[in-house]
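Working notes for the structure below.
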Amino acid sequence: MSMFCFQCQETAKGTGCTIKGVCGKTDEVANLQDLLVFVSKGVSVFADIAAKNNLKTPDADQYVFEALFTTITNANFDPEKITARIKQGFLVRENLKKQLEQAGVVIPQDLPEEARWISDTDARIHAQSLIVGILTEPNEDIRSLKQLLTYGVKGMSAYAEHAYNLGYENEGVFAFMHKALVATTRKDILADELVGLVLECGKFGVDVMALLDKANTETYGHPEMTRVELGVRKNPAILISGHDLKDMERLLKQTEGTGVDVYTHSEMLPAHYYPAFKKYKHFAGNYGNAWWKQKEEFRTFNGPVLFTTNCIVPPAEDYIDRIYTTGAAGYPGCKHIGTDADGGKDFSAIIEHAKKCATPTEIESGEMIGGFAHDQVFKLADKVVDAVKSGAIKKFVVMAGCDGRMKSREYYTDFASQLPDNTVILTAGCAKYRYNKLQLGDIGGIPRVLDAGQCNDSYSLAVIALKLKEIFELNDINELPIVYNIAWYEQKAVIVLLALLYLGVKDIHLGPTLPGFLSPNVAKVLVDNFGIAGIGTVPEDIARMIG
Ligand code: SF4
Ligand code: SF3
């Protein structure tokens, strides 16, 4: 075994990648990511002490959410970038210590190892990275809970960063992030306390998604019902992938008037739903499907691709020179566009690159519809309520989450197409690509697939559910005609799941497989208390969920 990682749904054999990641992550990068998480926890130890003494720690907050985002599945494969972040962590930690000393705060002597380890050379960093991994926690259940909590905080970090990039912060989220990470350093912590923290993580998951929703909608307007082109135009173009709307805005502004079009890929599709982006005439459409099909689709796109976040598939030699990264994303050999001293980003290199490339080859045509976040659905509320009352809509099926390359995910296409005509799918995240191009029709003008947006817009689905609960005067969210069949892949899906559990949602089906990081006992806690279940066959599950 040269590494150990079991944080995503595609982990080898459902138990852990031990030689190389199924995602393409090398053992070197996996071990460096373990060390980056370890160092982040050390920073959080001091930030947590500071918070308890009413001291603000903006540098530490930013460091921890950026560092953890870097370790999310398919975000960053670059050992040099990860090593640089590890080194940065030591500096942030030393500055924090000084800040505490200057404020007269007594630093405890019995600090965890995460807060004590110091290194200055790459060789020592690499040596240390081999011995700080997940398996250092010997108890299977405690390890499972510590990782579940860590993955929840990783997902939270990603959403906190997007909000931060738009100038929105929530100190409560940062304080919880540090508190949770400190808890995972404790050798004496018991399962009950960790279970409590996992549930509390869900509360802050709701908070961070609400914050990001506010950031996105106050900055770019409320998503509205939108038809998105799937075909191509005649200009050279840039494809933008990932989740960061600030980068989307920068790219649209900088490409305006250059003769270069901009297309969205995968999780950036929902950018089309925001009013602020509709004014850009060169904002062409969406190209391709979910992240895992990028090898074929990037070849035919012909132009450069900008990754603002995950999910990167290790690029093939014939197009790696067209891949650019920014923010938390990174891949060795790909050009990274960093932030200027004034906080801006200069995309001129990618724009010049696009001008020299052939125009995109058309792989699809037509259009698809989306933009059903909470505000748009509330505008349709009367129609929706009437349809429920008349029985035209029998059930809503939340099918949010992630897509992935496993063949077993064909289940979701079959499930969507075999659902009875009186059901409406509520979706968010890249899971939608399994069924958003099926012609499932509408119910009295309400499309049968309502796409709220990116994975973080699962928050919108919760807001819609809470509104329906109010309209129908119900006591419990579980009395609504809504069932949950969620597909997960990476750690943002973990925070979405914890947020739904916090909101009291029961009987969520999670697939295509349950997380490998859940020990049998921890899985049992989720099954017994929340009715979490896996998936079965499509007919069985439709019978079970729809009746
Ligand atoms: Fe394996 Fe997933 Fe970890 Fe990649 S992120 S190494 S596929 S568990
Ligand atoms: Fe997709 Fe990676 Fe999770 Fe944001 S882009 S949902 S998998």
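Ligands are numbered from 1 in the order shown, residues from 1 within each chain, and chains are lettered A, B, ... in the order they appear in the structure tokens.
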Return as a tab-separated table the residues of chain A lying at most 9 Å from ligand 2, together with the closest atom-to-atom pair for each and the distance in Å to one decimal, counting only C-alpha atoms and all ligand atoms, with rows in chain order and ascending residue number.
residue	atom	partner	partner_atom_place_in_ligand_line	distance
A:Thr73	CA	ligand 2	2 (Fe)	7.6
A:Asn74	CA	ligand 2	2 (Fe)	7.1
A:Ala75	CA	ligand 2	2 (Fe)	8.5
A:Ser241	CA	ligand 2	5 (S)	8.3
A:Gly242	CA	ligand 2	5 (S)	6.2
A:His243	CA	ligand 2	4 (Fe)	6.9
A:Ser266	CA	ligand 2	5 (S)	6.5
A:Glu267	CA	ligand 2	5 (S)	5.3
A:Met268	CA	ligand 2	5 (S)	8.7
A:Ala290	CA	ligand 2	5 (S)	7.1
A:Trp291	CA	ligand 2	5 (S)	5.8
A:Trp292	CA	ligand 2	2 (Fe)	8.5
A:Thr309	CA	ligand 2	5 (S)	8.0
A:Asn310	CA	ligand 2	2 (Fe)	5.4
A:Cys311	CA	ligand 2	2 (Fe)	4.3
A:Ile312	CA	ligand 2	2 (Fe)	8.0
A:Ala400	CA	ligand 2	6 (S)	8.6
A:Gly401	CA	ligand 2	6 (S)	5.6
A:Cys402	CA	ligand 2	3 (Fe)	4.0
A:Asp403	CA	ligand 2	7 (S)	5.6
A:Gly404	CA	ligand 2	7 (S)	6.7
A:Ala428	CA	ligand 2	6 (S)	7.9
A:Gly429	CA	ligand 2	6 (S)	4.3
A:Cys430	CA	ligand 2	1 (Fe)	4.4
A:Ala431	CA	ligand 2	6 (S)	6.7
A:Gln454	CA	ligand 2	4 (Fe)	5.7
A:Cys455	CA	ligand 2	4 (Fe)	4.3
A:Asn456	CA	ligand 2	4 (Fe)	7.0
A:Ala487	CA	ligand 2	3 (Fe)	9.0
A:Trp488	CA	ligand 2	3 (Fe)	6.9
A:Tyr489	CA	ligand 2	7 (S)	5.5
A:Glu490	CA	ligand 2	3 (Fe)	5.5
A:Gln491	CA	ligand 2	3 (Fe)	7.6
A:Lys492	CA	ligand 2	3 (Fe)	6.3
A:Ala493	CA	ligand 2	3 (Fe)	6.2
Set the cut-off to 10 Å, count only C-alpha atoms and all ligand atoms, and list whatever residues fall near ligand 1 as a CSV table (one decimal) with N, CA, C and O atoms, in the first residue's frame.
chain,number,residue,atom,x,y,z
A,3,MET,N,-0.6,4.4,-0.6
A,3,MET,CA,-1.5,5.6,-0.3
A,3,MET,C,-2.8,5.0,0.3
A,3,MET,O,-3.0,3.8,0.2
A,4,PHE,N,-3.6,5.8,0.8
A,4,PHE,CA,-4.9,5.3,1.2
A,4,PHE,C,-5.9,6.5,1.0
A,4,PHE,O,-5.8,7.5,1.7
A,5,CYS,N,-6.9,6.3,0.2
A,5,CYS,CA,-7.9,7.3,0.0
A,5,CYS,C,-9.2,6.6,-0.3
A,5,CYS,O,-9.3,5.7,-1.1
A,6,PHE,N,-10.3,7.0,0.5
A,6,PHE,CA,-11.6,6.4,0.2
A,6,PHE,C,-12.7,7.5,0.3
A,6,PHE,O,-13.8,7.2,0.6
A,7,GLN,N,-12.3,8.7,-0.2
A,7,GLN,CA,-13.2,9.8,0.0
A,7,GLN,C,-14.3,9.9,-1.0
A,7,GLN,O,-15.3,10.7,-0.9
A,8,CYS,N,-14.2,9.2,-2.2
A,8,CYS,CA,-15.2,9.4,-3.2
A,8,CYS,C,-15.9,8.1,-3.5
A,8,CYS,O,-15.5,7.0,-3.1
A,9,GLN,N,-17.0,8.2,-4.3
A,9,GLN,CA,-17.8,7.0,-4.6
A,9,GLN,C,-17.1,6.0,-5.4
A,9,GLN,O,-17.4,4.8,-5.4
A,10,GLU,N,-16.1,6.4,-6.2
A,10,GLU,CA,-15.5,5.5,-7.1
A,10,GLU,C,-14.2,4.8,-6.5
A,10,GLU,O,-13.4,4.3,-7.2
A,11,THR,N,-14.1,5.0,-5.2
A,11,THR,CA,-12.9,4.4,-4.6
A,11,THR,C,-12.7,2.9,-4.9
A,11,THR,O,-13.7,2.2,-5.1
A,12,ALA,N,-11.5,2.4,-5.1
A,12,ALA,CA,-11.2,1.1,-5.6
A,12,ALA,C,-12.0,0.0,-4.7
A,12,ALA,O,-11.9,0.1,-3.5
A,13,LYS,N,-12.6,-0.9,-5.4
A,13,LYS,CA,-13.4,-2.0,-4.7
A,13,LYS,C,-14.4,-1.5,-3.7
A,13,LYS,O,-14.8,-2.2,-2.8
A,14,GLY,N,-14.7,-0.2,-3.7
A,14,GLY,CA,-15.6,0.3,-2.7
A,14,GLY,C,-15.0,0.5,-1.3
A,14,GLY,O,-15.7,0.8,-0.3
A,15,THR,N,-13.7,0.2,-1.2
A,15,THR,CA,-13.1,0.3,0.1
A,15,THR,C,-11.9,1.2,0.2
A,15,THR,O,-11.7,1.8,1.3
A,16,GLY,N,-11.2,1.5,-0.9
A,16,GLY,CA,-10.1,2.4,-0.8
A,16,GLY,C,-9.1,2.3,-1.9
A,16,GLY,O,-8.8,1.2,-2.3
A,17,CYS,N,-8.6,3.4,-2.4
A,17,CYS,CA,-7.5,3.4,-3.4
A,17,CYS,C,-6.2,3.2,-2.6
A,17,CYS,O,-5.9,4.1,-1.8
A,18,THR,N,-5.4,2.3,-3.0
A,18,THR,CA,-4.2,2.0,-2.2
A,18,THR,C,-2.9,2.1,-3.0
A,18,THR,O,-1.8,2.1,-2.4
A,19,ILE,N,-3.0,2.1,-4.3
A,19,ILE,CA,-1.8,2.2,-5.1
A,19,ILE,C,-1.8,3.5,-6.0
A,19,ILE,O,-0.8,4.2,-6.0
A,20,LYS,N,-2.9,3.7,-6.6
A,20,LYS,CA,-3.2,4.9,-7.4
A,20,LYS,C,-4.7,5.2,-7.4
A,20,LYS,O,-5.5,4.2,-7.2
A,21,GLY,N,-5.1,6.4,-7.4
A,21,GLY,CA,-6.5,6.7,-7.4
A,21,GLY,C,-7.2,6.3,-8.7
A,21,GLY,O,-6.6,6.4,-9.8
A,22,VAL,N,-8.4,5.8,-8.5
A,22,VAL,CA,-9.2,5.5,-9.7
A,22,VAL,C,-9.4,6.8,-10.5
A,22,VAL,O,-9.5,6.9,-11.7
A,23,CYS,N,-9.4,7.9,-9.8
A,23,CYS,CA,-9.5,9.3,-10.4
A,23,CYS,C,-8.3,9.7,-11.1
A,23,CYS,O,-8.3,10.7,-11.8
A,24,GLY,N,-7.2,8.9,-10.9
A,24,GLY,CA,-5.9,9.3,-11.6
A,24,GLY,C,-4.9,9.9,-10.7
A,24,GLY,O,-3.8,10.3,-11.1
A,25,LYS,N,-5.3,10.1,-9.4
A,25,LYS,CA,-4.4,10.8,-8.5
A,25,LYS,C,-3.3,9.8,-8.2
A,25,LYS,O,-3.5,8.6,-7.9
A,26,THR,N,-2.0,10.3,-8.2
A,26,THR,CA,-0.9,9.4,-7.9
A,26,THR,C,-0.8,9.3,-6.4
A,26,THR,O,-1.3,10.0,-5.6
A,27,ASP,N,0.0,8.3,-6.0
A,27,ASP,CA,0.2,8.1,-4.5
A,27,ASP,C,0.9,9.3,-3.9
A,27,ASP,O,0.6,9.7,-2.8
A,29,VAL,N,0.6,12.5,-4.8
A,29,VAL,CA,-0.4,13.5,-4.6
A,29,VAL,C,-1.3,13.2,-3.5
A,29,VAL,O,-1.7,14.0,-2.6
A,30,ALA,N,-1.8,11.9,-3.4
A,30,ALA,CA,-2.7,11.5,-2.3
A,30,ALA,C,-2.0,11.7,-1.0
A,30,ALA,O,-2.6,12.2,0.0
A,31,ASN,N,-0.7,11.3,-0.9
A,31,ASN,CA,-0.1,11.5,0.4
A,31,ASN,C,0.2,13.0,0.8
A,31,ASN,O,0.0,13.4,1.9
A,71,THR,N,-8.1,19.6,-1.8
A,71,THR,CA,-8.0,18.2,-1.6
A,71,THR,C,-9.3,17.5,-2.0
A,71,THR,O,-9.4,16.2,-1.9
A,72,ILE,N,-10.3,18.2,-2.5
A,72,ILE,CA,-11.5,17.5,-3.0
A,72,ILE,C,-11.3,16.7,-4.2
A,72,ILE,O,-10.4,17.1,-5.0
A,73,THR,N,-12.0,15.7,-4.4
A,73,THR,CA,-11.8,14.8,-5.5
A,73,THR,C,-11.8,15.6,-6.8
A,73,THR,O,-12.7,16.4,-7.1
A,74,ASN,N,-10.8,15.3,-7.6
A,74,ASN,CA,-10.6,15.8,-9.0
A,74,ASN,C,-10.4,17.3,-9.1
A,74,ASN,O,-10.7,18.0,-10.1
A,75,ALA,N,-10.0,17.9,-7.9
A,75,ALA,CA,-9.7,19.4,-8.0
A,75,ALA,C,-8.3,19.7,-8.4
A,75,ALA,O,-8.0,20.5,-9.2
A,77,PHE,N,-4.3,18.0,-8.9
A,77,PHE,CA,-3.4,16.8,-9.1
A,77,PHE,C,-2.0,17.3,-9.1
A,77,PHE,O,-1.1,16.5,-9.5
A,489,TYR,N,-20.9,11.5,-5.4
A,489,TYR,CA,-19.6,11.1,-5.9
A,489,TYR,C,-18.5,11.7,-5.0
A,489,TYR,O,-17.7,11.0,-4.5
A,490,GLU,N,-18.5,13.0,-4.9
A,490,GLU,CA,-17.4,13.6,-4.1
A,490,GLU,C,-17.9,14.3,-2.8
A,490,GLU,O,-19.0,14.1,-2.4
A,491,GLN,N,-17.0,15.1,-2.2
A,491,GLN,CA,-17.3,15.5,-0.8
A,491,GLN,C,-18.3,16.7,-0.7
A,491,GLN,O,-18.8,17.0,0.3
A,515,PRO,N,-21.2,5.1,0.8
A,515,PRO,CA,-19.8,5.5,0.9
A,515,PRO,C,-18.9,4.4,1.6
A,515,PRO,O,-19.3,3.8,2.6
A,516,GLY,N,-17.7,4.2,1.0
A,516,GLY,CA,-16.8,3.2,1.5
A,516,GLY,C,-16.2,3.7,2.8
A,516,GLY,O,-15.7,2.9,3.6
A,517,PHE,N,-16.3,5.0,3.2
A,517,PHE,CA,-15.8,5.4,4.4
A,517,PHE,C,-16.8,5.2,5.6
A,517,PHE,O,-16.4,5.6,6.7
Report the distance between atom CA of Asp386 of chain A and atom CA of Arg434 of chain A in Å, rounded to one decimal place.
28.9 Å
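Take atom CA of Ser129 of chain A and atom CA of Ser40 of chain A: the distance between them is 13.2 Å.
Atom CA of Lys293 of chain A is positioned 18.3 Å from atom CA of Asp321 of chain A.
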Residues within 10 Å of Gly231 of chain A, please, as a short mmCIF file (atom, residue, chain, number, x, y, z; two decimals) with all heavy atoms, in the first residue's frame. Count only C-alpha atoms; anything in the same chain fewer than 2 positions from it doesn't count.
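Saved file around39.cif follows:
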data_model
loop_
_atom_site.label_atom_id
_atom_site.label_comp_id
_atom_site.auth_asym_id
_atom_site.auth_seq_id
_atom_site.Cartn_x
_atom_site.Cartn_y
_atom_site.Cartn_z
N VAL A 228 -31.23 26.66 -22.98
CA VAL A 228 -29.78 26.72 -23.24
C VAL A 228 -29.48 25.95 -24.53
O VAL A 228 -29.89 24.80 -24.69
CB VAL A 228 -28.99 26.11 -22.06
CG1 VAL A 228 -27.48 26.18 -22.33
CG2 VAL A 228 -29.34 26.82 -20.76
N GLU A 229 -28.75 26.62 -25.44
CA GLU A 229 -28.37 26.01 -26.71
C GLU A 229 -27.37 24.88 -26.49
O GLU A 229 -26.43 25.03 -25.70
CB GLU A 229 -27.69 27.06 -27.60
CG GLU A 229 -28.59 28.15 -28.11
CD GLU A 229 -29.53 27.66 -29.21
OE1 GLU A 229 -29.17 26.71 -29.93
OE2 GLU A 229 -30.63 28.24 -29.31
N ARG A 233 -21.65 27.58 -32.48
CA ARG A 233 -21.63 28.70 -33.41
C ARG A 233 -20.37 28.62 -34.28
O ARG A 233 -19.66 27.63 -34.23
CB ARG A 233 -21.67 30.01 -32.63
CG ARG A 233 -22.93 30.14 -31.78
CD ARG A 233 -22.94 31.46 -31.07
NE ARG A 233 -24.07 31.56 -30.13
CZ ARG A 233 -24.24 32.56 -29.28
NH1 ARG A 233 -23.36 33.55 -29.24
NH2 ARG A 233 -25.27 32.59 -28.47
N ALA A 284 -22.36 31.51 -25.51
CA ALA A 284 -23.00 30.75 -26.58
C ALA A 284 -23.96 29.66 -26.12
O ALA A 284 -25.10 29.61 -26.56
CB ALA A 284 -21.90 30.14 -27.45
N GLY A 285 -23.55 28.76 -25.27
CA GLY A 285 -24.42 27.64 -24.91
C GLY A 285 -23.65 26.67 -24.03
O GLY A 285 -22.63 27.03 -23.45
N ASN A 286 -24.16 25.46 -23.93
CA ASN A 286 -23.47 24.44 -23.14
C ASN A 286 -22.91 23.39 -24.08
O ASN A 286 -23.58 22.98 -25.03
CB ASN A 286 -24.44 23.78 -22.15
CG ASN A 286 -23.72 22.87 -21.18
OD1 ASN A 286 -22.99 23.34 -20.31
ND2 ASN A 286 -23.88 21.56 -21.33
N TYR A 287 -21.67 22.96 -23.81
CA TYR A 287 -21.04 21.97 -24.68
C TYR A 287 -20.75 20.72 -23.85
O TYR A 287 -20.03 20.76 -22.86
CB TYR A 287 -19.73 22.52 -25.24
CG TYR A 287 -19.14 21.69 -26.37
CD1 TYR A 287 -19.54 21.89 -27.69
CD2 TYR A 287 -18.20 20.69 -26.11
CE1 TYR A 287 -19.01 21.12 -28.72
CE2 TYR A 287 -17.67 19.92 -27.14
CZ TYR A 287 -18.08 20.15 -28.44
OH TYR A 287 -17.56 19.39 -29.48
N GLY A 288 -21.34 19.60 -24.27
CA GLY A 288 -21.00 18.33 -23.63
C GLY A 288 -21.89 17.99 -22.46
O GLY A 288 -23.00 18.51 -22.30
N PRO A 360 -15.46 24.99 -32.40
CA PRO A 360 -15.92 23.70 -31.85
C PRO A 360 -16.66 22.86 -32.89
O PRO A 360 -17.38 23.39 -33.73
CB PRO A 360 -16.87 24.11 -30.72
CG PRO A 360 -16.53 25.52 -30.41
CD PRO A 360 -16.03 26.14 -31.67
N THR A 361 -16.46 21.55 -32.79
CA THR A 361 -17.20 20.61 -33.64
C THR A 361 -18.52 20.30 -32.95
O THR A 361 -18.54 20.00 -31.75
CB THR A 361 -16.39 19.29 -33.78
OG1 THR A 361 -15.08 19.62 -34.24
CG2 THR A 361 -17.06 18.32 -34.72
N GLU A 362 -19.59 20.37 -33.74
CA GLU A 362 -20.90 20.15 -33.11
C GLU A 362 -21.08 18.67 -32.74
O GLU A 362 -20.84 17.79 -33.56
CB GLU A 362 -22.01 20.59 -34.07
CG GLU A 362 -23.38 20.56 -33.41
CD GLU A 362 -24.34 21.54 -34.06
OE1 GLU A 362 -24.21 22.76 -33.80
OE2 GLU A 362 -25.20 21.09 -34.81
N ILE A 363 -21.48 18.41 -31.50
CA ILE A 363 -21.74 17.03 -31.08
C ILE A 363 -23.20 16.81 -30.69
O ILE A 363 -23.64 15.68 -30.51
CB ILE A 363 -20.82 16.59 -29.90
CG1 ILE A 363 -20.90 17.59 -28.73
CG2 ILE A 363 -19.39 16.42 -30.37
CD1 ILE A 363 -20.18 17.13 -27.47
N GLU A 364 -23.93 17.91 -30.55
CA GLU A 364 -25.36 17.83 -30.22
C GLU A 364 -26.04 19.03 -30.83
O GLU A 364 -25.37 19.99 -31.21
CB GLU A 364 -25.58 17.93 -28.70
CG GLU A 364 -25.16 16.74 -27.91
CD GLU A 364 -25.30 16.99 -26.41
OE1 GLU A 364 -24.51 17.76 -25.85
OE2 GLU A 364 -26.22 16.41 -25.82
N SER A 365 -27.36 19.00 -30.85
CA SER A 365 -28.07 20.20 -31.29
C SER A 365 -29.34 20.34 -30.45
O SER A 365 -29.64 19.47 -29.64
CB SER A 365 -28.41 20.10 -32.77
OG SER A 365 -29.21 18.98 -32.98
N GLY A 366 -30.03 21.41 -30.67
CA GLY A 366 -31.26 21.63 -29.90
C GLY A 366 -30.97 22.44 -28.65
O GLY A 366 -29.98 23.17 -28.58
N GLU A 367 -31.84 22.29 -27.66
CA GLU A 367 -31.67 23.06 -26.44
C GLU A 367 -32.23 22.28 -25.27
O GLU A 367 -32.93 21.28 -25.44
CB GLU A 367 -32.36 24.42 -26.57
CG GLU A 367 -33.81 24.34 -27.02
CD GLU A 367 -34.42 25.72 -27.28
OE1 GLU A 367 -33.69 26.65 -27.63
OE2 GLU A 367 -35.64 25.83 -27.11
#
Among segment 303-447 of chain A, which ones does DSSP place in strand (DSSP E), written as a list in words?
Val305, Leu306, Phe307, Ile323, Tyr324, Thr325, Thr326, Lys335, His336, Ile337, Glu367, Met368, Ile369, Gly370, Lys395, Phe396, Val397, Val398, Thr423, Val424, Ile425, Leu426, Thr427, Asp442, Ile443, Ile446 and Pro447 of chain A
If you count only C-alpha atoms, which residues fall within 10 Å of Asp141 of chain A, apart from same-chain ones fewer than 3 positions away, as a ChimeraX atom specification?
/A:137-138,144-147,190-191,517-523
Please give the complete set of residues from segment 269-441 of chain A that DSSP, run on the backbone, assigns to alpha helix (DSSP H), formatted as a PyMOL selection string.
chain A and resi 275-278+294-301+348-355+374-379+381-390+410-418
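For Asn95 of chain A, the list of residues within 10 Å, based on only C-alpha atoms and with local chain neighbours fewer than 4 positions off taken out, reads Val43, Phe46, Asp59, Ala60, Gly89, Phe90, Leu91, Gln99, Leu100 and Glu101 of chain A.
Closest approach to Met209 of chain A among A:Pro420, A:Gly155, A:Pro304, A:Gly338: A:Gly155, based on only C-alpha atoms.
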For Val262 of chain A, the nearest of the candidates A:Ile323, A:Ile351, A:Val463, A:Leu197, counting only C-alpha atoms:
A:Ile351
Report as a compact mmCIF listing (two decimals) with N, CA, C and O atoms, in the first residue's frame all protein, DNA and RNA residues lying within 9 Å of Ile350 of chain A, evaluated on only C-alpha atoms, omitting residues in the same chain fewer than 6 positions from it.
# COMPACT_ATOMS: atom_id res chain seq x y z
N ILE A 238 -13.94 29.39 -25.92
CA ILE A 238 -13.37 28.88 -24.66
C ILE A 238 -14.49 28.12 -23.96
O ILE A 238 -15.64 28.56 -23.92
N PRO A 304 -9.48 26.11 -26.01
CA PRO A 304 -9.00 25.94 -24.65
C PRO A 304 -10.14 25.78 -23.63
O PRO A 304 -11.26 26.22 -23.86
N VAL A 305 -9.79 25.13 -22.52
CA VAL A 305 -10.77 24.83 -21.47
C VAL A 305 -10.25 25.41 -20.17
O VAL A 305 -9.08 25.24 -19.83
N LEU A 306 -11.11 26.11 -19.45
CA LEU A 306 -10.72 26.69 -18.16
C LEU A 306 -11.44 25.96 -17.03
O LEU A 306 -12.67 25.96 -16.96
N ARG A 322 -4.22 22.57 -24.02
CA ARG A 322 -5.39 23.48 -24.07
C ARG A 322 -6.09 23.59 -22.72
O ARG A 322 -7.12 24.25 -22.60
N TYR A 324 -6.41 24.90 -18.94
CA TYR A 324 -5.99 25.94 -18.00
C TYR A 324 -6.73 25.71 -16.68
O TYR A 324 -7.88 25.25 -16.70
Do a neighbour search on Ala158 of chain A at 8 Å with only C-alpha atoms, toss out local chain neighbours closer than 6 positions, and write the hits as a ChimeraX atom specification.
/A:65-66,68-69,492
Those selected residues, please, written with C-alpha atoms and delivered as an mmCIF file, in the first residue's frame.
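This went into again_6.cif:
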data_model
loop_
_atom_site.group_PDB
_atom_site.id
_atom_site.type_symbol
_atom_site.label_atom_id
_atom_site.label_comp_id
_atom_site.auth_asym_id
_atom_site.auth_seq_id
_atom_site.Cartn_x
_atom_site.Cartn_y
_atom_site.Cartn_z
ATOM 1 C CA PHE A 65 -11.065 26.561 3.271
ATOM 2 C CA GLU A 66 -8.733 26.972 0.298
ATOM 3 C CA LEU A 68 -9.359 21.722 2.004
ATOM 4 C CA PHE A 69 -10.963 22.649 -1.314
ATOM 5 C CA LYS A 492 -19.658 18.366 -1.785
#
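Each of A:Thr121, A:Pro447, A:Pro539, A:Ala387 was checked against Arg227 of chain A using only C-alpha atoms; the smallest atom-to-atom distance is that of A:Pro447.
Residue nearest Asp375 of chain A, chosen from A:Leu199, A:Ala183, A:Leu461, A:Leu135 and counting only C-alpha atoms: A:Leu461.
Using only C-alpha atoms for every distance, the candidate list A:Ile486, A:Ala499, A:Ala175, A:Leu212 yields A:Ile486 as the residue closest to Pro512 of chain A.
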